[in-house]
file start.txt (compact mmCIF, C-alpha atoms)
# COMPACT_ATOMS: atom_id res chain seq x y z
CA MET A 384 -0.30 -10.17 0.39
CA GLY A 385 0.81 -13.42 -1.22
CA ILE A 386 -0.74 -12.43 -4.54
CA PHE A 387 2.18 -10.13 -5.23
CA GLN A 388 4.82 -12.81 -4.87
CA SER A 389 6.17 -14.30 -8.05
CA ASP A 390 7.16 -17.97 -8.01
CA GLN A 391 7.95 -18.00 -11.70
CA LYS A 392 11.66 -18.23 -12.52
CA PHE A 393 13.30 -16.25 -15.29
CA ASN A 394 14.68 -18.02 -18.36
CA GLY A 395 16.97 -15.40 -19.84
CA GLU A 396 17.89 -14.87 -23.47
CA VAL A 397 20.79 -12.93 -24.98
CA GLY A 398 19.96 -9.22 -25.00
CA ASP A 399 17.54 -9.35 -22.06
CA VAL A 400 17.80 -6.51 -19.56
CA VAL A 401 17.99 -7.66 -15.95
CA VAL A 402 18.11 -6.10 -12.51
CA GLY A 403 20.06 -8.28 -10.08
CA ARG A 404 21.74 -8.41 -6.69
CA ILE A 405 25.40 -9.28 -6.12
CA THR A 406 25.58 -12.37 -3.89
CA GLU A 407 29.29 -13.17 -3.95
CA VAL A 408 32.61 -11.66 -5.05
CA GLN A 409 34.81 -14.39 -6.55
CA GLN A 410 38.05 -14.47 -8.52
CA LYS A 411 37.56 -12.26 -11.61
CA ARG A 412 33.76 -12.56 -11.35
CA TRP A 413 30.71 -11.64 -9.34
CA LYS A 414 27.76 -13.95 -8.72
CA VAL A 415 24.40 -12.25 -9.25
CA GLU A 416 20.91 -13.25 -8.16
CA THR A 417 18.57 -12.54 -11.09
CA ASN A 418 15.42 -14.54 -10.25
CA SER A 419 16.82 -17.40 -12.37
CA ARG A 420 17.14 -21.06 -11.47
CA LEU A 421 20.93 -20.62 -11.14
CA ASP A 422 23.02 -17.64 -10.06
CA SER A 423 24.10 -15.45 -12.96
CA VAL A 424 27.73 -14.48 -13.54
CA LEU A 425 29.25 -11.05 -14.18
CA LEU A 426 32.88 -11.38 -15.28
CA LEU A 427 35.40 -8.69 -14.39
CA SER A 428 36.14 -8.47 -18.13
CA SER A 429 32.43 -7.69 -18.80
CA VAL A 430 32.21 -4.47 -16.79
CA ASN A 431 33.07 -0.87 -17.61
CA LEU A 432 35.73 0.25 -15.18
CA PRO A 433 36.35 3.92 -14.39
CA GLY A 434 38.78 5.49 -16.85
CA GLY A 435 37.34 3.99 -20.03
CA GLU A 436 36.30 0.53 -21.07
CA LEU A 437 39.19 -0.32 -23.38
CA ARG A 438 41.97 -0.52 -20.83
CA ARG A 439 43.29 -3.90 -19.76
CA ARG A 440 42.27 -5.48 -16.49
CA SER A 441 45.08 -5.46 -13.98
CA ALA A 442 45.85 -7.44 -10.84
CA GLU A 443 44.92 -4.28 -8.98
CA ASP A 444 41.42 -4.38 -10.50
CA GLU A 445 40.98 -7.86 -9.09
CA LEU A 446 41.95 -6.67 -5.64
CA THR A 447 39.58 -3.71 -5.81
CA MET A 448 36.60 -5.63 -7.24
CA ARG A 449 34.70 -5.07 -3.98
CA HIS A 450 35.28 -1.36 -4.43
CA TYR A 451 33.11 -1.48 -7.57
CA LEU A 452 30.52 -4.04 -6.52
CA GLN A 453 30.08 -5.88 -3.26
CA GLU A 454 27.58 -8.32 -1.79
CA GLY A 455 24.12 -6.80 -1.59
CA ASP A 456 24.65 -4.20 -4.35
CA LEU A 457 21.95 -3.97 -7.00
CA ILE A 458 22.91 -3.68 -10.67
CA SER A 459 21.28 -3.38 -14.05
CA ALA A 460 22.90 -5.50 -16.77
CA GLU A 461 22.30 -7.24 -20.06
CA VAL A 462 22.44 -10.97 -20.76
CA GLN A 463 25.57 -11.49 -22.85
CA SER A 464 25.40 -15.26 -23.27
CA VAL A 465 23.89 -18.37 -21.73
CA PHE A 466 26.13 -21.14 -20.33
CA SER A 467 25.40 -24.76 -21.28
CA ASP A 468 23.83 -25.39 -17.85
CA GLY A 469 21.44 -22.46 -18.41
CA ALA A 470 23.24 -19.95 -16.14
CA LEU A 471 23.37 -16.43 -17.55
CA SER A 472 26.54 -14.47 -18.25
CA LEU A 473 25.91 -10.73 -17.87
CA HIS A 474 27.67 -7.56 -18.98
CA THR A 475 27.42 -3.90 -17.91
CA ARG A 476 29.54 -2.49 -20.71
CA SER A 477 27.12 0.21 -21.82
CA LEU A 478 26.96 3.38 -19.71
CA LYS A 479 23.25 2.81 -19.05
CA TYR A 480 24.11 -0.32 -17.04
CA GLY A 481 25.95 -0.63 -13.74
CA LYS A 482 25.42 -0.20 -10.04
CA LEU A 483 22.05 1.15 -8.91
CA GLY A 484 21.87 3.93 -6.32
CA GLN A 485 18.82 4.91 -4.31
CA GLY A 486 15.46 3.55 -5.29
CA VAL A 487 12.91 0.81 -4.72
CA LEU A 488 12.91 -2.75 -6.06
CA VAL A 489 9.56 -4.32 -6.99
CA GLN A 490 9.34 -8.01 -7.84
CA VAL A 491 6.75 -9.28 -10.31
CA SER A 492 6.37 -12.32 -12.54
CA PRO A 493 8.81 -12.13 -15.51
CA SER A 494 5.93 -12.98 -17.87
CA LEU A 495 4.26 -9.64 -17.01
CA VAL A 496 7.17 -7.51 -18.29
CA LYS A 497 6.47 -6.54 -21.89
CA ARG A 498 9.40 -6.86 -24.29
CA GLN A 499 10.28 -3.46 -25.70
CA LYS A 500 13.14 -1.83 -27.59
CA THR A 501 14.17 -0.15 -24.35
CA HIS A 502 13.51 -1.14 -20.76
CA PHE A 503 14.80 2.16 -19.32
CA HIS A 504 12.23 4.94 -19.11
CA ASN A 505 12.15 8.43 -17.63
CA LEU A 506 8.44 8.73 -16.83
CA THR A 507 6.74 12.12 -17.14
CA CYS A 508 5.52 11.83 -13.54
CA GLY A 509 9.08 12.59 -12.40
CA ALA A 510 10.67 9.22 -11.68
CA SER A 511 12.52 6.64 -13.76
CA ILE A 512 11.97 2.91 -14.16
CA ILE A 513 14.04 -0.05 -15.28
CA LEU A 514 11.74 -2.92 -16.25
CA GLY A 515 13.97 -5.97 -15.92
CA ASN A 516 12.94 -8.85 -18.17
CA ASN A 517 13.59 -11.02 -15.10
CA GLY A 518 10.64 -9.49 -13.20
CA TYR A 519 12.79 -7.19 -11.04
CA VAL A 520 11.64 -3.60 -11.58
CA TRP A 521 13.72 -0.68 -10.28
CA LEU A 522 12.14 2.70 -9.48
CA TYR A 523 14.39 5.68 -8.80
CA PRO A 524 14.50 9.49 -8.91
CA THR A 525 15.25 10.68 -12.46
CA PRO A 526 18.97 11.54 -12.39
CA GLY A 527 20.53 14.80 -13.52
CA GLN A 528 23.64 14.73 -15.70
CA GLN A 529 25.65 11.55 -15.16
CA ASP A 530 29.43 11.69 -15.00
CA GLU A 531 30.61 9.69 -18.05
CA GLU A 532 34.02 8.99 -16.48
CA ALA A 533 32.45 6.93 -13.72
CA GLY A 534 31.67 4.16 -16.20
CA GLY A 535 28.31 3.23 -14.72
CA TYR A 536 29.56 3.01 -11.13
CA TYR A 537 28.51 6.47 -10.01
CA THR A 538 25.65 6.34 -7.57
CA SER A 539 24.24 9.46 -6.03
CA MET A 540 23.65 9.32 -2.31
CA GLU A 541 22.06 12.77 -2.23
CA PRO A 542 18.98 12.80 0.02
CA VAL A 543 15.85 11.98 -2.00
CA SER A 544 13.22 14.71 -1.70
CA LEU A 545 9.85 13.95 -0.15
CA SER A 546 8.06 14.62 -3.45
CA ASP A 547 10.34 12.12 -5.25
CA ARG A 548 9.74 9.55 -2.51
CA GLU A 549 5.98 9.99 -2.85
CA VAL A 550 6.07 9.56 -6.64
CA ILE A 551 8.16 6.39 -6.24
CA SER A 552 5.86 4.99 -3.51
CA ARG A 553 2.81 5.64 -5.70
CA LEU A 554 4.50 3.97 -8.69
CA ARG A 555 5.42 0.98 -6.53
CA ASN A 556 1.80 0.45 -5.46
CA CYS A 557 0.63 0.93 -9.06
CA LEU A 558 3.06 -1.78 -10.24
CA LEU A 559 1.76 -4.15 -7.57
CA ALA A 560 -1.84 -3.37 -8.54
CA LEU A 561 -1.17 -4.00 -12.25
CA ALA A 562 0.71 -7.21 -11.47
CA ALA A 563 -2.08 -8.48 -9.19
CA HIS A 564 -4.49 -8.04 -12.11
CA LYS A 565 -2.04 -9.57 -14.63
CA VAL A 566 -1.68 -6.42 -16.74
CA LEU A 567 1.45 -6.30 -18.94
CA LEU A 568 3.97 -3.81 -17.55
CA TYR A 569 5.53 -1.24 -19.85
CA ASP A 570 6.05 2.53 -19.72
CA THR A 571 2.53 3.41 -20.94
CA SER A 572 0.60 1.00 -18.71
CA VAL A 573 2.60 2.13 -15.67
CA LEU A 574 2.09 5.83 -16.43
CA TYR A 575 -1.66 5.43 -17.10
CA CYS A 576 -2.07 3.53 -13.84
CA TYR A 577 -0.14 6.24 -12.00
CA GLU A 578 -2.44 8.92 -13.44
CA SER A 579 -5.56 6.88 -12.64
CA SER A 580 -4.39 6.54 -9.04
CA LEU A 581 -3.94 10.26 -8.39
CA SER A 582 -7.44 10.69 -6.95
CA HIS A 583 -6.52 8.20 -4.19
CA GLN A 584 -4.03 8.30 -1.36
CA ILE A 585 -0.91 6.19 -1.90
CA LYS A 586 -1.76 3.81 0.96
CA ASP A 587 -5.28 3.19 -0.43
CA ILE A 588 -4.12 1.99 -3.88
CA LEU A 589 -3.73 -1.60 -2.71
CA LYS A 590 -7.26 -1.84 -1.25
CA PRO A 591 -9.00 -4.39 -3.50
CA GLU A 592 -11.85 -2.12 -4.60
CA VAL A 593 -9.52 0.82 -5.33
CA MET A 594 -7.07 -1.44 -7.12
CA GLU A 595 -9.86 -2.80 -9.32
CA GLU A 596 -11.11 0.69 -10.20
CA ILE A 597 -7.64 2.01 -11.07
CA VAL A 598 -6.70 -1.06 -13.12
CA MET A 599 -10.02 -1.01 -15.02
CA GLU A 600 -9.49 2.66 -15.92
CA THR A 601 -5.91 1.88 -17.00
CA ARG A 602 -7.07 -1.00 -19.22
CA GLN A 603 -9.72 1.23 -20.76
CA ARG A 604 -7.17 3.92 -21.62
CA LEU A 605 -4.77 1.34 -23.06
CA MET A 606 -7.57 -0.04 -25.25
CA ASP A 607 -8.51 3.44 -26.44
CA GLN A 608 -4.88 4.24 -27.14
CA GLU A 609 -4.39 1.04 -29.12
CA GLY A 610 -7.23 2.12 -31.37
CA HIS A 611 -9.88 -0.34 -30.23
CA GLY A 612 -12.50 2.36 -30.57
CA GLY A 613 -14.30 4.45 -27.98
CA ALA A 614 -16.18 3.45 -24.87
CA MET A 615 -16.34 -0.18 -23.88
CA PRO A 616 -19.74 -1.88 -23.81
CA ILE A 617 -21.06 -1.78 -20.30
CA GLY A 618 -21.54 -5.38 -19.28
CA SER A 619 -21.27 -7.40 -16.14
CA GLY A 620 -17.89 -7.89 -14.53
CA GLN A 621 -18.01 -11.47 -15.81
CA GLU A 622 -18.40 -10.32 -19.42
CA MET A 623 -15.55 -7.84 -18.96
CA ARG A 624 -13.31 -10.56 -17.61
CA LYS A 625 -14.26 -12.84 -20.51
CA MET A 626 -13.22 -10.12 -22.94
CA GLU A 627 -9.95 -9.61 -21.08
CA ASP A 628 -9.23 -13.34 -21.16
CA MET A 629 -9.93 -13.43 -24.89
CA GLY A 630 -7.62 -10.46 -25.32
CA ARG A 631 -4.92 -12.21 -23.33
CA GLU A 632 -5.26 -15.41 -25.37
CA GLY A 633 -4.89 -13.31 -28.49
CA LEU A 634 -1.77 -11.74 -27.03
CA HIS A 635 -0.25 -15.14 -26.25
CA ARG A 636 -1.05 -16.37 -29.77
CA GLY A 637 0.51 -13.21 -31.16
CA HIS A 638 3.73 -13.89 -29.24
CA HIS A 639 4.10 -17.33 -30.77
CA HIS A 640 4.04 -15.93 -34.29
CA ALA A 641 6.64 -13.30 -33.50
call {"tool": "encode", "arguments": {"input": "start.txt", "output": "structure tokens"}}
result
Amino acid sequence: MGIFQSDQKFNGEVGDVVVGRITEVQQKRWKVETNSRLDSVLLLSSVNLPGGELRRRSAEDELTMRHYLQEGDLISAEVQSVFSDGALSLHTRSLKYGKLGQGVLVQVSPSLVKRQKTHFHNLTCGASIILGNNGYVWLYPTPGQQDEEAGGYYTSMEPVSLSDREVISRLRNCLLALAAHKVLLYDTSVLYCYESSLSHQIKDILKPEVMEEIVMETRQRLMDQEGHGGAMPIGSGQEMRKMEDMGREGLHRGHHHA
């Protein structure tokens, strides 16, 4: 299963959305693993604490830092700045960021996560996704109303229903299938792949021939949706791959002009 492992490290920029894991609680800061060369830093002054974000940090806050976030916790955050050595400074000051509750983490290459205006999506299949620019993707049951007062540190530990678990497992395998075939990950590609997979059992999605079929169908729908006309010419697999490579080169060129 080595094909799913990403060796590529994340070079973050200001404004990037990341999913990370707390590795250490230090004085007035947390260290966070974000798939970067160096650990990232989340300062106590860069988090929303319960009771509103504008209040001053107290000595008591420092003592209760572990109460908010402790080693092993997963968070979503935004890159606030980059230190001179390249380490990232994060913040969770918007209510959409903070500690993550129950869900599944999928790791892919950062280069496969498409840059979008938002990286948080409630998918119509009934689950939500955070597509971290750092290649860490978080899948979780779509939440009900969130308690604003909690300041991003409310995490539901309600049992997750079987149907939610199945949707999340299917999405996880779809993400791995798309990543194995180097398809850019964004809300539409993930949803199309999910829909293409519905005729197969969850455990079969990662069989090479099933994976290829689902990914090909997903690519076809994405091409149709992007207005590249109707049916694709039926050629050999080699010709198809050549076209995909050309398309990818075009994409890379496009990025450089942006």
call {"tool": "residues_near_point", "arguments": {"input": "start.txt", "point": "(18.4, -1.7, -24.7)", "cutoff": "8 Å", "atoms": "all atoms listed in the file", "output": "list in words"}}
result
Gly398, Val400, Lys500, Thr501, His502 and Phe503 of chain A
call {"tool": "closest_residue", "arguments": {"input": "start.txt", "among": "A:Tyr451, A:Trp521, A:Tyr577, A:Tyr569", "to": "Ser494 (chain A)", "atoms": "only C-alpha atoms"}}
result
A:Tyr569
call {"tool": "residues_near_point", "arguments": {"input": "start.txt", "point": "(23.4, -10.3, -18.9)", "cutoff": "8 Å", "atoms": "only C-alpha atoms", "output": "list in words"}}
result
Val397, Gly398, Asp399, Val400, Val401, Ser423, Leu425, Ala460, Glu461, Val462, Gln463, Ser464, Leu471, Ser472, Leu473, His474 and Thr475 of chain A
call {"tool": "axis_aligned_box", "arguments": {"input": "start.txt", "around": "region 406-409 of chain A", "padding_each_side": "8 Å", "output": "AutoDock Vina command-line options"}}
result
--center_x 30.2 --center_y -13.0 --center_z -5.2 --size_x 25.2 --size_y 18.7 --size_z 18.7
call {"tool": "closest_residue", "arguments": {"input": "start.txt", "among": "A:Arg476, A:Lys590, A:Lys482, A:Arg602", "to": "Lys565 (chain A)", "atoms": "only C-alpha atoms"}}
result
A:Arg602
call {"tool": "residues_around", "arguments": {"input": "start.txt", "residues": "Leu559 (chain A)", "least_positions_apart": "6", "cutoff": "12 Å", "atoms": "only C-alpha atoms", "output": "VMD selection string"}}
result
chain A and resid 384 to 389 488 to 492 495 518 to 520 552 to 553 565 to 568 573 576 to 577 588 to 591 594 to 595 597 to 598
call {"tool": "residues_around", "arguments": {"input": "start.txt", "residues": "region 523-525 of chain A", "least_positions_apart": "6", "cutoff": "10 Å", "atoms": "all atoms listed in the file", "output": "PDB file with C-alpha atoms, keeping the file's coordinate frame"}}
result
ATOM      1  CA  LEU A 483      22.050   1.150  -8.910  1.00  0.00           C
ATOM      2  CA  GLY A 484      21.870   3.930  -6.320  1.00  0.00           C
ATOM      3  CA  GLN A 485      18.820   4.910  -4.310  1.00  0.00           C
ATOM      4  CA  GLY A 486      15.460   3.550  -5.290  1.00  0.00           C
ATOM      5  CA  VAL A 487      12.910   0.810  -4.720  1.00  0.00           C
ATOM      6  CA  LEU A 488      12.910  -2.750  -6.060  1.00  0.00           C
ATOM      7  CA  HIS A 504      12.230   4.940 -19.110  1.00  0.00           C
ATOM      8  CA  ASN A 505      12.150   8.430 -17.630  1.00  0.00           C
ATOM      9  CA  LEU A 506       8.440   8.730 -16.830  1.00  0.00           C
ATOM     10  CA  THR A 507       6.740  12.120 -17.140  1.00  0.00           C
ATOM     11  CA  CYS A 508       5.520  11.830 -13.540  1.00  0.00           C
ATOM     12  CA  GLY A 509       9.080  12.590 -12.400  1.00  0.00           C
ATOM     13  CA  ALA A 510      10.670   9.220 -11.680  1.00  0.00           C
ATOM     14  CA  SER A 511      12.520   6.640 -13.760  1.00  0.00           C
ATOM     15  CA  ILE A 512      11.970   2.910 -14.160  1.00  0.00           C
ATOM     16  CA  ILE A 513      14.040  -0.050 -15.280  1.00  0.00           C
ATOM     17  CA  VAL A 543      15.850  11.980  -2.000  1.00  0.00           C
ATOM     18  CA  SER A 544      13.220  14.710  -1.700  1.00  0.00           C
ATOM     19  CA  SER A 546       8.060  14.620  -3.450  1.00  0.00           C
ATOM     20  CA  ASP A 547      10.340  12.120  -5.250  1.00  0.00           C
ATOM     21  CA  ARG A 548       9.740   9.550  -2.510  1.00  0.00           C
ATOM     22  CA  VAL A 550       6.070   9.560  -6.640  1.00  0.00           C
ATOM     23  CA  ILE A 551       8.160   6.390  -6.240  1.00  0.00           C
TER      24      ILE A 551
END
call {"tool": "atom_distance", "arguments": {"input": "start.txt", "atom1": "CA of Met540 (chain A)", "atom2": "CA of Ser459 (chain A)"}}
result
17.5 Å
call {"tool": "atom_distance", "arguments": {"input": "start.txt", "atom1": "CA of Ala470 (chain A)", "atom2": "CA of Val424 (chain A)"}}
result
7.5 Å
call {"tool": "decode", "arguments": {"input": "start.txt", "residues": "region 497-517 of chain A", "atoms": "N, CA, C and O atoms", "output": "short mmCIF file (atom, residue, chain, number, x, y, z; two decimals), in the first residue's frame"}}
result
data_model
loop_
_atom_site.label_atom_id
_atom_site.label_comp_id
_atom_site.auth_asym_id
_atom_site.auth_seq_id
_atom_site.Cartn_x
_atom_site.Cartn_y
_atom_site.Cartn_z
N LYS A 497 -6.14 20.94 -4.20
CA LYS A 497 -6.36 22.13 -5.03
C LYS A 497 -6.61 23.35 -4.16
O LYS A 497 -7.36 23.28 -3.18
N ARG A 498 -5.99 24.47 -4.52
CA ARG A 498 -6.22 25.72 -3.77
C ARG A 498 -7.59 26.27 -4.14
O ARG A 498 -7.90 26.47 -5.31
N GLN A 499 -8.40 26.51 -3.12
CA GLN A 499 -9.74 27.06 -3.33
C GLN A 499 -10.00 28.19 -2.35
O GLN A 499 -9.24 28.39 -1.41
N LYS A 500 -11.10 28.90 -2.59
CA LYS A 500 -11.47 29.99 -1.65
C LYS A 500 -11.74 29.41 -0.27
O LYS A 500 -11.40 30.00 0.74
N THR A 501 -12.39 28.25 -0.23
CA THR A 501 -12.62 27.60 1.07
C THR A 501 -12.15 26.15 0.99
O THR A 501 -12.25 25.52 -0.05
N HIS A 502 -11.62 25.69 2.11
CA HIS A 502 -11.16 24.30 2.19
C HIS A 502 -12.05 23.47 3.12
O HIS A 502 -11.74 22.34 3.43
N PHE A 503 -13.16 24.10 3.56
CA PHE A 503 -14.15 23.43 4.42
C PHE A 503 -15.39 23.19 3.58
O PHE A 503 -15.96 24.14 3.03
N HIS A 504 -15.84 21.95 3.47
CA HIS A 504 -17.02 21.66 2.65
C HIS A 504 -17.95 20.69 3.37
O HIS A 504 -17.49 19.69 3.91
N ASN A 505 -19.24 21.01 3.35
CA ASN A 505 -20.26 20.04 3.75
C ASN A 505 -20.71 19.36 2.46
O ASN A 505 -21.36 19.98 1.62
N LEU A 506 -20.33 18.11 2.28
CA LEU A 506 -20.64 17.41 1.02
C LEU A 506 -22.09 16.92 1.04
O LEU A 506 -22.61 16.57 2.10
N THR A 507 -22.71 16.88 -0.13
CA THR A 507 -24.12 16.48 -0.20
C THR A 507 -24.33 15.01 0.14
O THR A 507 -25.45 14.58 0.38
N CYS A 508 -23.24 14.23 0.19
CA CYS A 508 -23.39 12.81 0.55
C CYS A 508 -23.56 12.62 2.06
O CYS A 508 -23.74 11.50 2.53
N GLY A 509 -23.48 13.71 2.83
CA GLY A 509 -23.80 13.61 4.25
C GLY A 509 -22.62 13.67 5.20
O GLY A 509 -22.76 13.44 6.39
N ALA A 510 -21.43 13.96 4.69
CA ALA A 510 -20.28 14.14 5.58
C ALA A 510 -19.58 15.44 5.21
O ALA A 510 -19.89 16.06 4.19
N SER A 511 -18.66 15.86 6.06
CA SER A 511 -17.92 17.10 5.80
C SER A 511 -16.44 16.78 5.64
O SER A 511 -15.95 15.75 6.10
N ILE A 512 -15.74 17.72 5.00
CA ILE A 512 -14.32 17.50 4.70
C ILE A 512 -13.56 18.79 4.91
O ILE A 512 -14.06 19.88 4.61
N ILE A 513 -12.38 18.67 5.50
CA ILE A 513 -11.44 19.80 5.55
C ILE A 513 -10.23 19.36 4.72
O ILE A 513 -9.56 18.38 5.07
N LEU A 514 -9.98 20.06 3.64
CA LEU A 514 -8.87 19.71 2.75
C LEU A 514 -7.67 20.57 3.13
O LEU A 514 -7.51 21.70 2.63
N GLY A 515 -6.84 20.08 4.04
CA GLY A 515 -5.68 20.86 4.46
C GLY A 515 -4.70 21.04 3.31
O GLY A 515 -4.39 20.08 2.60
N ASN A 516 -4.22 22.27 3.14
CA ASN A 516 -3.20 22.52 2.10
C ASN A 516 -1.96 21.67 2.36
O ASN A 516 -1.16 21.44 1.45
N ASN A 517 -1.79 21.21 3.61
CA ASN A 517 -0.60 20.44 3.96
C ASN A 517 -0.73 18.95 3.63
O ASN A 517 0.14 18.16 3.97
#
